[in-house]
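structure-v9.pdb (PDB, C-alpha atoms and all ligand atoms) appears below.
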MODEL        1
ATOM      1  CA  MET A   1      56.501 -60.585  18.202  1.00  0.00           C
ATOM      2  CA  HIS A   2      59.484 -60.783  15.945  1.00  0.00           C
ATOM      3  CA  ALA A   3      58.022 -63.684  13.971  1.00  0.00           C
ATOM      4  CA  ARG A   4      54.813 -61.749  13.450  1.00  0.00           C
ATOM      5  CA  ARG A   5      56.654 -58.691  12.184  1.00  0.00           C
ATOM      6  CA  THR A   6      58.576 -60.859   9.780  1.00  0.00           C
ATOM      7  CA  LYS A   7      55.409 -62.410   8.443  1.00  0.00           C
ATOM      8  CA  GLN A   8      53.881 -58.975   7.861  1.00  0.00           C
ATOM      9  CA  ARG A   9      56.964 -57.803   6.055  1.00  0.00           C
ATOM     10  CA  GLU A  10      57.191 -60.948   3.949  1.00  0.00           C
ATOM     11  CA  THR A  11      53.547 -60.667   2.954  1.00  0.00           C
ATOM     12  CA  ILE A  12      54.030 -57.045   1.909  1.00  0.00           C
ATOM     13  CA  ILE A  13      57.061 -57.948  -0.210  1.00  0.00           C
ATOM     14  CA  LYS A  14      55.191 -60.869  -1.757  1.00  0.00           C
ATOM     15  CA  VAL A  15      52.234 -58.653  -2.642  1.00  0.00           C
ATOM     16  CA  LEU A  16      54.523 -56.014  -4.134  1.00  0.00           C
ATOM     17  CA  ARG A  17      56.499 -58.500  -6.192  1.00  0.00           C
ATOM     18  CA  SER A  18      53.304 -60.096  -7.505  1.00  0.00           C
ATOM     19  CA  THR A  19      52.444 -56.994  -9.500  1.00  0.00           C
ATOM     20  CA  THR A  20      54.065 -54.611 -11.939  1.00  0.00           C
ATOM     21  CA  CYS A  21      51.430 -51.909 -11.392  1.00  0.00           C
ATOM     22  CA  HIS A  22      53.514 -49.843  -8.933  1.00  0.00           C
ATOM     23  CA  PRO A  23      50.703 -49.729  -6.390  1.00  0.00           C
ATOM     24  CA  THR A  24      49.774 -47.096  -3.827  1.00  0.00           C
ATOM     25  CA  VAL A  25      49.694 -47.818  -0.094  1.00  0.00           C
ATOM     26  CA  ASP A  26      45.912 -48.308  -0.227  1.00  0.00           C
ATOM     27  CA  TRP A  27      46.203 -50.989  -2.898  1.00  0.00           C
ATOM     28  CA  ILE A  28      48.937 -52.783  -0.948  1.00  0.00           C
ATOM     29  CA  TYR A  29      46.887 -52.549   2.244  1.00  0.00           C
ATOM     30  CA  ASN A  30      43.847 -54.140   0.598  1.00  0.00           C
ATOM     31  CA  GLU A  31      45.906 -57.007  -0.839  1.00  0.00           C
ATOM     32  CA  VAL A  32      47.797 -57.670   2.401  1.00  0.00           C
ATOM     33  CA  ARG A  33      44.517 -57.727   4.343  1.00  0.00           C
ATOM     34  CA  LYS A  34      43.405 -60.742   2.311  1.00  0.00           C
ATOM     35  CA  GLU A  35      46.157 -62.680   4.090  1.00  0.00           C
ATOM     36  CA  ILE A  36      46.423 -60.788   7.372  1.00  0.00           C
ATOM     37  CA  PRO A  37      42.886 -59.468   7.973  1.00  0.00           C
ATOM     38  CA  ASN A  38      43.710 -57.623  11.202  1.00  0.00           C
ATOM     39  CA  ILE A  39      46.737 -55.693   9.944  1.00  0.00           C
ATOM     40  CA  SER A  40      46.423 -51.918  10.292  1.00  0.00           C
ATOM     41  CA  LEU A  41      47.188 -49.296   7.681  1.00  0.00           C
ATOM     42  CA  GLY A  42      49.785 -47.845  10.049  1.00  0.00           C
ATOM     43  CA  THR A  43      51.579 -51.176  10.208  1.00  0.00           C
ATOM     44  CA  VAL A  44      51.657 -51.347   6.417  1.00  0.00           C
ATOM     45  CA  TYR A  45      53.110 -47.816   6.270  1.00  0.00           C
ATOM     46  CA  ARG A  46      55.707 -48.676   8.894  1.00  0.00           C
ATOM     47  CA  ASN A  47      56.803 -51.831   7.108  1.00  0.00           C
ATOM     48  CA  LEU A  48      56.971 -50.091   3.746  1.00  0.00           C
ATOM     49  CA  LYS A  49      59.244 -47.483   5.312  1.00  0.00           C
ATOM     50  CA  LEU A  50      61.509 -50.175   6.772  1.00  0.00           C
ATOM     51  CA  LEU A  51      61.608 -52.059   3.476  1.00  0.00           C
ATOM     52  CA  ARG A  52      62.477 -48.866   1.658  1.00  0.00           C
ATOM     53  CA  GLU A  53      65.246 -48.072   4.135  1.00  0.00           C
ATOM     54  CA  SER A  54      66.719 -51.547   3.745  1.00  0.00           C
ATOM     55  CA  ARG A  55      66.459 -51.098  -0.040  1.00  0.00           C
ATOM     56  CA  GLU A  56      64.278 -54.136  -0.572  1.00  0.00           C
ATOM     57  CA  ILE A  57      61.678 -52.047  -2.347  1.00  0.00           C
ATOM     58  CA  LEU A  58      61.582 -48.679  -4.097  1.00  0.00           C
ATOM     59  CA  GLU A  59      59.327 -45.778  -3.305  1.00  0.00           C
ATOM     60  CA  ILE A  60      58.630 -43.806  -6.436  1.00  0.00           C
ATOM     61  CA  ASP A  61      57.936 -40.167  -5.790  1.00  0.00           C
ATOM     62  CA  LEU A  62      55.634 -38.854  -8.423  1.00  0.00           C
ATOM     63  CA  SER A  63      55.015 -35.197  -7.893  1.00  0.00           C
ATOM     64  CA  GLY A  64      51.403 -34.329  -7.271  1.00  0.00           C
ATOM     65  CA  THR A  65      50.203 -37.886  -6.632  1.00  0.00           C
ATOM     66  CA  PHE A  66      50.366 -40.479  -3.905  1.00  0.00           C
ATOM     67  CA  SER A  67      53.590 -42.377  -3.462  1.00  0.00           C
ATOM     68  CA  ARG A  68      53.777 -45.599  -5.359  1.00  0.00           C
ATOM     69  CA  PHE A  69      55.828 -48.628  -4.446  1.00  0.00           C
ATOM     70  CA  ASP A  70      57.870 -51.018  -6.506  1.00  0.00           C
ATOM     71  CA  GLY A  71      58.921 -54.540  -5.524  1.00  0.00           C
ATOM     72  CA  ASN A  72      61.867 -54.297  -7.900  1.00  0.00           C
ATOM     73  CA  SER A  73      64.531 -52.454  -5.925  1.00  0.00           C
ATOM     74  CA  ASP A  74      67.128 -52.335  -8.706  1.00  0.00           C
ATOM     75  CA  ASN A  75      67.306 -48.892 -10.220  1.00  0.00           C
ATOM     76  CA  HIS A  76      65.216 -48.815 -13.377  1.00  0.00           C
ATOM     77  CA  TYR A  77      63.369 -46.291 -15.499  1.00  0.00           C
ATOM     78  CA  HIS A  78      59.650 -45.652 -15.555  1.00  0.00           C
ATOM     79  CA  PHE A  79      57.030 -44.310 -17.877  1.00  0.00           C
ATOM     80  CA  ARG A  80      54.034 -42.511 -16.440  1.00  0.00           C
ATOM     81  CA  CYS A  81      50.934 -41.935 -18.513  1.00  0.00           C
ATOM     82  CA  ASP A  82      49.721 -38.336 -18.312  1.00  0.00           C
ATOM     83  CA  LYS A  83      46.129 -39.405 -18.856  1.00  0.00           C
ATOM     84  CA  CYS A  84      45.452 -42.545 -16.799  1.00  0.00           C
ATOM     85  CA  GLY A  85      48.364 -42.114 -14.374  1.00  0.00           C
ATOM     86  CA  ARG A  86      49.567 -45.686 -14.703  1.00  0.00           C
ATOM     87  CA  VAL A  87      53.271 -46.335 -14.200  1.00  0.00           C
ATOM     88  CA  PHE A  88      55.158 -48.836 -16.349  1.00  0.00           C
ATOM     89  CA  ASP A  89      58.687 -50.233 -16.122  1.00  0.00           C
ATOM     90  CA  ILE A  90      60.915 -49.364 -19.057  1.00  0.00           C
ATOM     91  CA  ASP A  91      63.177 -52.157 -20.252  1.00  0.00           C
ATOM     92  CA  GLU A  92      66.168 -49.936 -20.883  1.00  0.00           C
ATOM     93  CA  PRO A  93      69.528 -50.244 -19.104  1.00  0.00           C
ATOM     94  CA  VAL A  94      70.288 -47.552 -16.533  1.00  0.00           C
ATOM     95  CA  ASN A  95      72.951 -45.204 -17.895  1.00  0.00           C
ATOM     96  CA  LYS A  96      75.702 -45.304 -15.249  1.00  0.00           C
ATOM     97  CA  GLU A  97      77.968 -43.152 -17.436  1.00  0.00           C
ATOM     98  CA  LEU A  98      75.587 -40.286 -16.836  1.00  0.00           C
ATOM     99  CA  ASP A  99      76.259 -40.510 -13.072  1.00  0.00           C
ATOM    100  CA  GLU A 100      80.015 -40.426 -13.690  1.00  0.00           C
ATOM    101  CA  ARG A 101      79.786 -37.550 -16.134  1.00  0.00           C
ATOM    102  CA  VAL A 102      77.680 -35.441 -13.784  1.00  0.00           C
ATOM    103  CA  ALA A 103      79.950 -36.344 -10.838  1.00  0.00           C
ATOM    104  CA  ARG A 104      83.019 -35.164 -12.788  1.00  0.00           C
ATOM    105  CA  LYS A 105      81.273 -31.996 -13.879  1.00  0.00           C
ATOM    106  CA  THR A 106      79.909 -31.008 -10.474  1.00  0.00           C
ATOM    107  CA  GLY A 107      82.083 -32.681  -7.862  1.00  0.00           C
ATOM    108  CA  PHE A 108      78.921 -34.146  -6.361  1.00  0.00           C
ATOM    109  CA  GLU A 109      78.940 -37.706  -5.144  1.00  0.00           C
ATOM    110  CA  ILE A 110      76.182 -39.302  -7.234  1.00  0.00           C
ATOM    111  CA  SER A 111      74.576 -42.479  -5.936  1.00  0.00           C
ATOM    112  CA  HIS A 112      72.025 -42.885  -8.736  1.00  0.00           C
ATOM    113  CA  HIS A 113      69.620 -40.967 -10.910  1.00  0.00           C
ATOM    114  CA  ARG A 114      65.949 -41.431 -11.594  1.00  0.00           C
ATOM    115  CA  LEU A 115      64.286 -41.009 -14.902  1.00  0.00           C
ATOM    116  CA  GLU A 116      60.605 -40.853 -15.627  1.00  0.00           C
ATOM    117  CA  PHE A 117      59.301 -40.732 -19.176  1.00  0.00           C
ATOM    118  CA  ARG A 118      55.962 -39.029 -19.664  1.00  0.00           C
ATOM    119  CA  GLY A 119      53.293 -39.126 -22.342  1.00  0.00           C
ATOM    120  CA  LEU A 120      50.398 -41.373 -23.335  1.00  0.00           C
ATOM    121  CA  CYS A 121      50.287 -45.148 -22.905  1.00  0.00           C
ATOM    122  CA  GLN A 122      49.076 -47.326 -25.787  1.00  0.00           C
ATOM    123  CA  GLU A 123      45.537 -47.642 -24.421  1.00  0.00           C
ATOM    124  CA  CYS A 124      45.137 -43.911 -23.935  1.00  0.00           C
ATOM    125  CA  GLN A 125      46.509 -43.268 -27.436  1.00  0.00           C
ATOM    126  CA  LYS A 126      43.856 -45.623 -28.829  1.00  0.00           C
ATOM    127  CA  ALA A 127      41.118 -43.952 -26.780  1.00  0.00           C
ATOM    128  CA  ALA A 128      42.144 -40.569 -28.192  1.00  0.00           C
ATOM    129  CA  GLU A 129      41.776 -41.682 -31.817  1.00  0.00           C
TER     130      GLU A 129
HETATM  131 ZN    ZN B 201      47.217 -44.200 -20.106  1.00  0.00          ZN
HETATM  132 ZN    ZN B 202      59.261 -50.135 -11.585  1.00  0.00          ZN
ENDMDL
END

Go ahead and express the file in the form of structure tokens.
Ligand SMILES: [Zn+2]
Ligand SMILES: [Zn+2]
Amino acid sequence: MHARRTKQRETIIKVLRSTTCHPTVDWIYNEVRKEIPNISLGTVYRNLKLLRESREILEIDLSGTFSRFDGNSDNHYHFRCDKCGRVFDIDEPVNKELDERVARKTGFEISHHRLEFRGLCQECQKAAE
């Protein structure tokens, strides 16, 4: 049983790390089923939750849409296109000074911050021309 659980989890991680598209659960489920045809959607959900809790993956909460998942668990910034809804990684270092500044100002214990840039991706800009 344990070995099977491990294989499911490893397959989910592999699928997630094979893409930069920040997929939804449905996308992950379809990809994982190519390797483990009898896996259930509930099992995929359960494993994603465990992987998130052990900080091996990130769950990106985008208000008003389905959760998306990220195989890169290091904190990093995202851009979300307002038109097509795609989510991109932003190659910009995370500003840790901001955490310290806000912690000093508020007395809160800050573990991290999330930043999501919004606007139009290159393709949607071209389509609008
Ligand atoms: Zn777009
Ligand atoms: Zn990302």

request  = Evaluate the PyMOL selection byres (((chain A and resi 71-83) around 7) and not hetatm) on the structure here and hand back the selected residues as a list in words.
outcome  =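 Those residues are Ile13, Leu16, Arg17, Arg55, Glu56, Ile57, Leu58, Phe69, Asp70, Cys84, Gly85, Arg86, Val87, Phe88, Asp89, Ile90, Val94, Arg114, Leu115, Glu116, Phe117, Arg118, Gly119, Leu120, Cys121 and Cys124 of chain A.
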
request  = Rank A:Glu97, A:Glu123, A:Glu35, A:Glu10 by their smallest atom-to-atom distance to Leu51 in chain A, using all atoms listed in the file, and report the top residue only.
outcome  =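 Among the listed residues, the smallest separation from Leu51 in chain A belongs to A:Glu10.
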
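Atom pair CA of Arg52 in chain A / CA of Ser40 in chain A: separated by 18.5 Å.
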
request  = Excluding Ile39 in chain A and any residue of its chain fewer than 3 positions from it, enumerate the residues within 12 Å of it, using only C-alpha atoms, and give them as a PyMOL selection string.
outcome  = chain A and resi 4-5+7-9+11-12+28-36+42-47

Please write the residues from the selection above to a file, keeping C-alpha atoms, as a tab-separated table (two decimals), in the frame of the given file.
chain	number	residue	atom	x	y	z
A	4	ARG	CA	54.81	-61.75	13.45
A	5	ARG	CA	56.65	-58.69	12.18
A	7	LYS	CA	55.41	-62.41	8.44
A	8	GLN	CA	53.88	-58.98	7.86
A	9	ARG	CA	56.96	-57.80	6.06
A	11	THR	CA	53.55	-60.67	2.95
A	12	ILE	CA	54.03	-57.04	1.91
A	28	ILE	CA	48.94	-52.78	-0.95
A	29	TYR	CA	46.89	-52.55	2.24
A	30	ASN	CA	43.85	-54.14	0.60
A	31	GLU	CA	45.91	-57.01	-0.84
A	32	VAL	CA	47.80	-57.67	2.40
A	33	ARG	CA	44.52	-57.73	4.34
A	34	LYS	CA	43.40	-60.74	2.31
A	35	GLU	CA	46.16	-62.68	4.09
A	36	ILE	CA	46.42	-60.79	7.37
A	42	GLY	CA	49.78	-47.84	10.05
A	43	THR	CA	51.58	-51.18	10.21
A	44	VAL	CA	51.66	-51.35	6.42
A	45	TYR	CA	53.11	-47.82	6.27
A	46	ARG	CA	55.71	-48.68	8.89
A	47	ASN	CA	56.80	-51.83	7.11

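We find CA of Pro23 in chain A and CA of Ser67 in chain A to be spaced 8.4 Å apart.
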
ask   = Using all atoms listed in the file, which of the listed residues (A:Glu100, A:Glu92, A:Asp26, A:Glu53) sits closest to ligand ZN 202 (chain B)?
value = A:Glu92

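The nearest approach to ligand ZN 202 (chain B) among the residues A:Ile60, A:Leu98, A:Ala103, A:Ile110, with all atoms listed in the file taken into account, belongs to A:Ile60.
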
request  = For CA of Glu59 in chain A and CA of Val25 in chain A, quote the distance in Å rounded to one decimal.
outcome  =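 Atom-to-atom, CA of Glu59 in chain A to CA of Val25 in chain A, that is 10.4 Å.
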
ask   = Which one is closest to ligand ZN 202 (chain B): A:Thr106, A:Ser111, A:Thr20, A:Gln125? Count all atoms listed in the file.
value =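 For ligand ZN 202 (chain B), the nearest of the given residues is A:Thr20.
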
For range 67-74 of chain A, take all atoms listed in the file, fit an axis-aligned box around them, add 3 Å to each of the six sides, then output centre and edge lengths in Å rounded to one decimal, as lines of an AutoDock Vina configuration file.
center_x = 60.4
center_y = -48.5
center_z = -6.1
size_x = 19.5
size_y = 18.2
size_z = 11.2

query = When distances are computed from all atoms listed in the file, which of A:Gln122, A:Asp99, A:Lys105, A:Leu50 shows the smallest separation from Thr6 in chain A?
reply = A:Leu50

request  = Using all atoms listed in the file, pick whichever of A:Leu41, A:Trp27, A:Asp61, A:Ser54 has the shortest atom-to-atom distance to ligand ZN 202 (chain B).
outcome  =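 Residue with the minimum atom-to-atom distance to ligand ZN 202 (chain B): A:Asp61.
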
Starting from the incomplete input, reconstruct N, CA and C atoms of range 99-122 of chain A and report them as a tab-separated table (two decimals), keeping the file's coordinate frame.
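Okay, out_15.tsv is ready:
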chain	number	residue	atom	x	y	z
A	99	ASP	N	75.88	-40.81	-14.46
A	99	ASP	CA	76.26	-40.51	-13.07
A	99	ASP	C	77.71	-40.03	-13.01
A	100	GLU	N	78.59	-40.77	-13.72
A	100	GLU	CA	80.02	-40.43	-13.69
A	100	GLU	C	80.26	-39.06	-14.32
A	101	ARG	N	79.59	-38.82	-15.44
A	101	ARG	CA	79.79	-37.55	-16.13
A	101	ARG	C	79.35	-36.38	-15.25
A	102	VAL	N	78.19	-36.52	-14.63
A	102	VAL	CA	77.68	-35.44	-13.78
A	102	VAL	C	78.56	-35.29	-12.54
A	103	ALA	N	79.06	-36.41	-12.01
A	103	ALA	CA	79.95	-36.34	-10.84
A	103	ALA	C	81.22	-35.57	-11.19
A	104	ARG	N	81.80	-35.88	-12.36
A	104	ARG	CA	83.02	-35.16	-12.79
A	104	ARG	C	82.75	-33.67	-12.97
A	105	LYS	N	81.62	-33.38	-13.56
A	105	LYS	CA	81.27	-32.00	-13.88
A	105	LYS	C	81.01	-31.17	-12.63
A	106	THR	N	80.41	-31.78	-11.62
A	106	THR	CA	79.91	-31.01	-10.47
A	106	THR	C	80.70	-31.23	-9.20
A	107	GLY	N	81.43	-32.34	-9.12
A	107	GLY	CA	82.08	-32.68	-7.86
A	107	GLY	C	81.13	-33.31	-6.86
A	108	PHE	N	79.87	-33.49	-7.25
A	108	PHE	CA	78.92	-34.15	-6.36
A	108	PHE	C	79.20	-35.64	-6.34
A	109	GLU	N	78.86	-36.26	-5.21
A	109	GLU	CA	78.94	-37.71	-5.14
A	109	GLU	C	77.57	-38.24	-5.55
A	110	ILE	N	77.48	-38.85	-6.70
A	110	ILE	CA	76.18	-39.30	-7.23
A	110	ILE	C	75.98	-40.76	-6.87
A	111	SER	N	74.85	-41.07	-6.23
A	111	SER	CA	74.58	-42.48	-5.94
A	111	SER	C	73.76	-43.11	-7.06
A	112	HIS	N	72.87	-42.36	-7.65
A	112	HIS	CA	72.03	-42.88	-8.74
A	112	HIS	C	71.23	-41.72	-9.32
A	113	HIS	N	70.56	-41.96	-10.41
A	113	HIS	CA	69.62	-40.97	-10.91
A	113	HIS	C	68.31	-41.66	-11.23
A	114	ARG	N	67.26	-40.89	-11.25
A	114	ARG	CA	65.95	-41.43	-11.59
A	114	ARG	C	65.46	-40.76	-12.86
A	115	LEU	N	64.77	-41.54	-13.65
A	115	LEU	CA	64.29	-41.01	-14.90
A	115	LEU	C	62.86	-41.48	-15.09
A	116	GLU	N	62.01	-40.53	-15.40
A	116	GLU	CA	60.60	-40.85	-15.63
A	116	GLU	C	60.20	-40.29	-16.98
A	117	PHE	N	59.81	-41.17	-17.88
A	117	PHE	CA	59.30	-40.73	-19.18
A	117	PHE	C	57.82	-40.41	-19.02
A	118	ARG	N	57.37	-39.44	-19.76
A	118	ARG	CA	55.96	-39.03	-19.66
A	118	ARG	C	55.32	-39.00	-21.04
A	119	GLY	N	54.02	-39.17	-21.08
A	119	GLY	CA	53.29	-39.13	-22.34
A	119	GLY	C	52.02	-39.93	-22.23
A	120	LEU	N	51.63	-40.59	-23.33
A	120	LEU	CA	50.40	-41.37	-23.34
A	120	LEU	C	50.71	-42.85	-23.54
A	121	CYS	N	50.12	-43.71	-22.72
A	121	CYS	CA	50.29	-45.15	-22.90
A	121	CYS	C	49.51	-45.60	-24.15
A	122	GLN	N	49.73	-46.85	-24.56
A	122	GLN	CA	49.08	-47.33	-25.79
A	122	GLN	C	47.55	-47.24	-25.71
